[in-house]
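Below is the file target.txt, which contains compact mmCIF, C-alpha atoms.
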```
# COMPACT_ATOMS: atom_id res chain seq x y z
CA MET K 1 27.26 4.01 -23.66
CA LYS K 2 24.87 4.81 -26.49
CA THR K 3 21.67 6.68 -25.65
CA VAL K 4 18.52 5.66 -27.49
CA THR K 5 15.66 8.11 -27.67
CA ALA K 6 12.13 6.97 -28.22
CA LYS K 7 10.64 7.86 -31.58
CA PRO K 8 7.44 9.88 -31.22
CA GLN K 9 4.31 7.91 -32.00
CA THR K 10 2.69 8.58 -35.34
CA ASP K 11 -0.97 9.55 -35.60
CA ILE K 12 -1.81 6.07 -36.88
CA GLU K 13 0.00 4.38 -33.95
CA ARG K 14 -1.92 6.56 -31.50
CA LEU K 15 -5.19 5.72 -33.25
CA ASN K 16 -4.27 2.03 -33.18
CA ASP K 17 -3.57 2.19 -29.44
CA ARG K 18 -6.82 4.05 -28.84
CA TYR K 19 -9.20 2.11 -31.11
CA ARG K 20 -7.88 -1.47 -31.56
CA SER K 21 -9.77 -2.99 -28.62
CA ALA K 22 -12.92 -1.05 -29.52
CA MET K 23 -12.70 -2.37 -33.11
CA MET K 24 -12.27 -5.93 -31.87
CA SER K 25 -15.33 -5.55 -29.62
CA PHE K 26 -17.30 -3.94 -32.45
CA TYR K 27 -16.70 -6.94 -34.71
CA MET K 28 -17.04 -9.65 -32.09
CA ARG K 29 -20.42 -8.24 -30.94
CA ARG K 30 -21.54 -8.86 -34.50
CA SER K 31 -20.73 -12.58 -34.29
CA VAL K 32 -17.39 -12.33 -36.02
CA SER K 33 -14.78 -14.86 -34.86
CA ARG K 34 -11.79 -13.52 -32.96
CA SER K 35 -9.38 -14.23 -35.84
CA ASP K 36 -11.72 -12.60 -38.39
CA ALA K 37 -12.19 -9.63 -36.03
CA GLU K 38 -8.42 -9.27 -35.85
CA ASP K 39 -8.13 -9.39 -39.65
CA MET K 40 -10.95 -6.88 -40.08
CA THR K 41 -9.45 -4.56 -37.45
CA GLN K 42 -6.15 -4.71 -39.29
CA GLU K 43 -8.00 -3.85 -42.50
CA VAL K 44 -9.48 -0.76 -40.79
CA PHE K 45 -5.99 0.53 -40.13
CA VAL K 46 -4.76 -0.38 -43.61
CA ARG K 47 -7.61 1.63 -45.12
CA LEU K 48 -7.03 4.39 -42.62
CA ILE K 49 -3.36 4.64 -43.60
CA ALA K 50 -4.30 4.72 -47.29
CA SER K 51 -6.77 7.58 -46.83
CA TYR K 52 -5.77 9.41 -43.65
CA SER K 53 -4.62 13.01 -44.02
CA GLY K 54 -4.54 13.83 -40.31
CA GLU K 55 -7.37 16.32 -40.73
CA VAL K 56 -10.58 14.54 -39.86
CA GLU K 57 -13.28 16.37 -37.90
CA ASN K 58 -14.71 13.35 -36.09
CA VAL K 59 -12.13 10.56 -35.90
CA ASP K 60 -14.49 8.23 -33.98
CA ALA K 61 -17.14 8.42 -36.69
CA TYR K 62 -14.56 8.11 -39.45
CA ILE K 63 -12.92 4.98 -38.05
CA PHE K 64 -16.21 3.28 -37.23
CA GLN K 65 -17.55 4.13 -40.69
CA ILE K 66 -14.53 2.34 -42.17
CA ALA K 67 -15.24 -0.60 -39.82
CA ALA K 68 -18.91 -0.70 -40.84
CA ASN K 69 -17.93 -0.62 -44.52
CA ILE K 70 -15.56 -3.56 -44.00
CA LEU K 71 -18.34 -5.46 -42.22
CA ARG K 72 -20.71 -4.80 -45.15
CA ASP K 73 -18.03 -5.84 -47.66
CA ARG K 74 -17.50 -9.07 -45.73
CA ALA K 75 -21.26 -9.78 -45.63
CA ARG K 76 -21.48 -9.27 -49.41
CA LYS K 77 -18.54 -11.62 -50.01
CA VAL K 78 -20.07 -14.28 -47.77
CA LYS K 79 -23.42 -13.94 -49.54
CA VAL K 80 -21.78 -14.34 -52.96
CA ARG K 81 -19.67 -17.28 -51.75
CA ASN K 82 -22.73 -18.98 -50.25
CA SER K 83 -24.80 -18.50 -53.39
CA ASP K 84 -21.94 -19.90 -55.48
CA MET K 85 -21.70 -22.91 -53.15
CA ALA K 86 -25.47 -23.44 -53.25
CA ARG K 87 -25.46 -23.32 -57.05
CA GLN K 88 -22.56 -25.80 -57.13
CA ASN K 89 -24.39 -28.11 -54.71
CA LEU K 90 -27.49 -28.04 -56.91
CA GLU K 91 -25.38 -28.88 -59.95
CA ASP K 92 -23.76 -31.74 -58.03
CA MET K 93 -27.16 -33.02 -56.92
CA ASP K 94 -28.24 -33.23 -60.55
CA ARG K 95 -25.40 -35.71 -61.12
CA VAL K 96 -26.22 -37.91 -58.10
CA ASP K 97 -29.31 -40.00 -57.64
CA LEU K 98 -30.09 -39.10 -54.03
CA PHE K 99 -32.80 -41.72 -53.77
CA ASP K 100 -30.79 -44.65 -55.07
CA PRO K 101 -31.84 -47.57 -52.79
CA SER K 102 -28.29 -48.87 -52.34
CA ARG K 103 -27.10 -45.38 -51.35
CA ILE K 104 -29.91 -45.04 -48.81
CA LEU K 105 -29.15 -48.49 -47.36
CA LEU K 106 -25.43 -47.69 -47.02
CA GLY K 107 -26.27 -44.39 -45.33
CA ARG K 108 -28.59 -46.07 -42.84
CA GLU K 109 -26.04 -48.77 -42.03
CA SER K 110 -23.34 -46.15 -41.50
CA LEU K 111 -25.63 -44.13 -39.28
CA ARG K 112 -26.50 -47.22 -37.19
CA ALA K 113 -22.82 -48.10 -36.78
CA VAL K 114 -21.83 -44.60 -35.68
CA SER K 115 -24.84 -44.39 -33.37
CA LYS K 116 -23.93 -47.72 -31.75
CA HIS K 117 -20.38 -46.51 -31.11
CA LEU K 118 -21.61 -43.20 -29.73
CA ASP K 119 -23.52 -45.17 -27.09
CA ASP K 120 -20.18 -46.63 -25.90
CA LEU K 121 -18.88 -43.16 -24.98
CA PRO K 122 -19.28 -41.42 -21.63
CA GLU K 123 -22.45 -39.32 -21.63
CA LYS K 124 -20.71 -35.93 -21.52
CA THR K 125 -18.35 -36.83 -24.38
CA ARG K 126 -21.25 -38.19 -26.46
CA ASP K 127 -23.38 -35.09 -25.82
CA ILE K 128 -20.56 -32.70 -26.67
CA PHE K 129 -19.81 -34.63 -29.88
CA ILE K 130 -23.48 -34.56 -30.92
CA LEU K 131 -23.83 -30.86 -30.12
CA TYR K 132 -20.77 -30.04 -32.20
CA ARG K 133 -20.93 -32.48 -35.13
CA ILE K 134 -24.67 -32.99 -35.53
CA GLU K 135 -26.31 -29.89 -34.05
CA GLY K 136 -23.59 -27.58 -35.39
CA LEU K 137 -23.00 -25.59 -32.20
CA GLN K 138 -19.80 -23.60 -31.83
CA GLN K 139 -17.15 -24.99 -29.50
CA SER K 140 -17.24 -21.76 -27.49
CA ASP K 141 -21.00 -22.11 -26.93
CA ILE K 142 -20.62 -25.72 -25.85
CA ALA K 143 -17.78 -24.76 -23.50
CA SER K 144 -19.83 -22.06 -21.82
CA GLY K 145 -22.85 -24.38 -21.55
CA TYR K 146 -20.81 -27.05 -19.79
CA HIS K 147 -18.65 -24.53 -17.90
CA ILE K 148 -15.47 -25.99 -19.34
CA SER K 149 -12.71 -24.62 -21.58
CA GLU K 150 -12.82 -24.78 -25.37
CA ARG K 151 -9.72 -26.95 -25.13
CA ALA K 152 -11.69 -29.46 -23.04
CA VAL K 153 -14.47 -29.41 -25.65
CA ARG K 154 -11.91 -30.15 -28.38
CA LYS K 155 -10.55 -33.05 -26.31
CA HIS K 156 -14.05 -34.55 -25.91
CA ILE K 157 -14.68 -34.22 -29.66
CA ALA K 158 -11.29 -35.76 -30.49
CA LYS K 159 -11.91 -38.60 -28.02
CA ALA K 160 -15.27 -39.34 -29.63
CA MET K 161 -13.88 -39.20 -33.16
CA GLU K 162 -10.95 -41.42 -32.24
CA HIS K 163 -13.29 -43.97 -30.64
CA ILE K 164 -15.72 -44.01 -33.58
CA MET K 165 -12.94 -44.27 -36.17
CA ARG K 166 -11.18 -47.04 -34.24
CA GLU K 167 -14.39 -49.05 -33.87
CA LEU K 168 -15.40 -48.58 -37.50
CA SER K 169 -11.90 -49.61 -38.54
CA ASN K 170 -12.14 -52.72 -36.37
CA GLU K 171 -15.48 -53.61 -37.95
CA GLY K 172 -13.99 -53.17 -41.40
CA GLN K 173 -11.24 -55.64 -40.43
CA GLY K 174 -13.77 -58.15 -39.27
CA GLY K 175 -13.05 -57.48 -35.57
```
Show me the file's structure as structure tokens.
Amino acid sequence: MKTVTAKPQTDIERLNDRYRSAMMSFYMRRSVSRSDAEDMTQEVFVRLIASYSGEVENVDAYIFQIAANILRDRARKVKVRNSDMARQNLEDMDRVDLFDPSRILLGRESLRAVSKHLDDLPEKTRDIFILYRIEGLQQSDIASGYHISERAVRKHIAKAMEHIMRELSNEGQGG
């Protein structure tokens, strides 16, 4: 029988074990989604590996400084992306006559049709759909407000979308 001995943990693995959950909490307290927090935490350790010599006076401060730098980098990227999108939207608006009467009429008719079909839904499903699609609330916030799971919120939203699309499709077919 072959004996396998455990390989000693490297400094980075020990730091990962010690700091991963703290990093995740650090990012999520700053309104970063769980998946983004995971990516950013991974980036902390990638940067740590690239620069770590094993001789750092205050490891806590060093790791959290890397984390703060990543958070700042992310904020800068988002700001640039948003300004690029805003500039693109302004350019697009120049090409579209927003106040074209036929466009306004079509928009109002579409809004009336969707609103009518929303009224057909159960109250909770309708409210969840409106909070998510119109008010822009996060599914997690809606879930905690209604004391239900995020999965249940997604089901309500899907049910509402399916109903609206089916009814609009039926109207388009003359039914």
*asked:* Residues near Ile66 (chain K), anyone? I mean within 10 Å using all atoms listed in the file, not counting same-chain ones fewer than 4 positions away, as a PyMOL selection string.
replied: chain K and resi 41+43-45+47-48+61-62+70-72
*Identify, on the basis of all atoms listed in the file, every residue whose closest approach to Arg30 (chain K) does not exceed 12 Å; exclude the query and any residue fewer than 5 positions from it along the same chain; express the result as a list of chain:residue names.*
K:Met23, K:Met24, K:Ser25, K:Asp36, K:Ala37, K:Ala67, K:Ala68, K:Leu71, K:Arg72, K:Arg74, K:Ala75
*Just give me the gap between CA of Phe129 (chain K) and CA of Ala86 (chain K) in Å, one decimal is fine.*
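Interatomic distance, CA of Phe129 (chain K) to CA of Ala86 (chain K): 26.5 Å.
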*Radius query 10 Å about (-19.4, -30.4, -30.3), atoms used: only C-alpha atoms, as a list in words*: Thr125, Arg126, Asp127, Ile128, Phe129, Ile130, Leu131, Tyr132, Arg133, Ile134, Glu135, Gly136, Leu137, Gln138, Gln139, Ser140, Asp141, Ile142, Ala143, Glu150, Val153, Arg154, His156, Ile157, Ala158 and Ala160 of chain K
Selection above as a file: C-alpha atoms, as a PDB file, in the coordinates of the input:
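Output file part-v6.pdb follows:
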```pdb
ATOM      1  CA  THR K 125     -18.350 -36.830 -24.380  1.00  0.00           C
ATOM      2  CA  ARG K 126     -21.250 -38.190 -26.460  1.00  0.00           C
ATOM      3  CA  ASP K 127     -23.380 -35.090 -25.820  1.00  0.00           C
ATOM      4  CA  ILE K 128     -20.560 -32.700 -26.670  1.00  0.00           C
ATOM      5  CA  PHE K 129     -19.810 -34.630 -29.880  1.00  0.00           C
ATOM      6  CA  ILE K 130     -23.480 -34.560 -30.920  1.00  0.00           C
ATOM      7  CA  LEU K 131     -23.830 -30.860 -30.120  1.00  0.00           C
ATOM      8  CA  TYR K 132     -20.770 -30.040 -32.200  1.00  0.00           C
ATOM      9  CA  ARG K 133     -20.930 -32.480 -35.130  1.00  0.00           C
ATOM     10  CA  ILE K 134     -24.670 -32.990 -35.530  1.00  0.00           C
ATOM     11  CA  GLU K 135     -26.310 -29.890 -34.050  1.00  0.00           C
ATOM     12  CA  GLY K 136     -23.590 -27.580 -35.390  1.00  0.00           C
ATOM     13  CA  LEU K 137     -23.000 -25.590 -32.200  1.00  0.00           C
ATOM     14  CA  GLN K 138     -19.800 -23.600 -31.830  1.00  0.00           C
ATOM     15  CA  GLN K 139     -17.150 -24.990 -29.500  1.00  0.00           C
ATOM     16  CA  SER K 140     -17.240 -21.760 -27.490  1.00  0.00           C
ATOM     17  CA  ASP K 141     -21.000 -22.110 -26.930  1.00  0.00           C
ATOM     18  CA  ILE K 142     -20.620 -25.720 -25.850  1.00  0.00           C
ATOM     19  CA  ALA K 143     -17.780 -24.760 -23.500  1.00  0.00           C
ATOM     20  CA  GLU K 150     -12.820 -24.780 -25.370  1.00  0.00           C
ATOM     21  CA  VAL K 153     -14.470 -29.410 -25.650  1.00  0.00           C
ATOM     22  CA  ARG K 154     -11.910 -30.150 -28.380  1.00  0.00           C
ATOM     23  CA  HIS K 156     -14.050 -34.550 -25.910  1.00  0.00           C
ATOM     24  CA  ILE K 157     -14.680 -34.220 -29.660  1.00  0.00           C
ATOM     25  CA  ALA K 158     -11.290 -35.760 -30.490  1.00  0.00           C
ATOM     26  CA  ALA K 160     -15.270 -39.340 -29.630  1.00  0.00           C
TER      27      ALA K 160
END
```
*Would you mind reading off the distance between CA of Val32 (chain K) and CA of Val46 (chain K), one decimal, in Å?*
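We find that CA of Val32 (chain K) and CA of Val46 (chain K) lie 19.0 Å from each other.
Between CA of Arg81 (chain K) and CA of Ser35 (chain K) the interatomic distance comes to 19.2 Å.
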*May I ask which of the residues K:Arg76, K:Ile164, K:Asn69, K:Ile63 is the closest one to Leu111 (chain K), counting only C-alpha atoms?*
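Among the listed residues, K:Ile164 lies closest to Leu111 (chain K).
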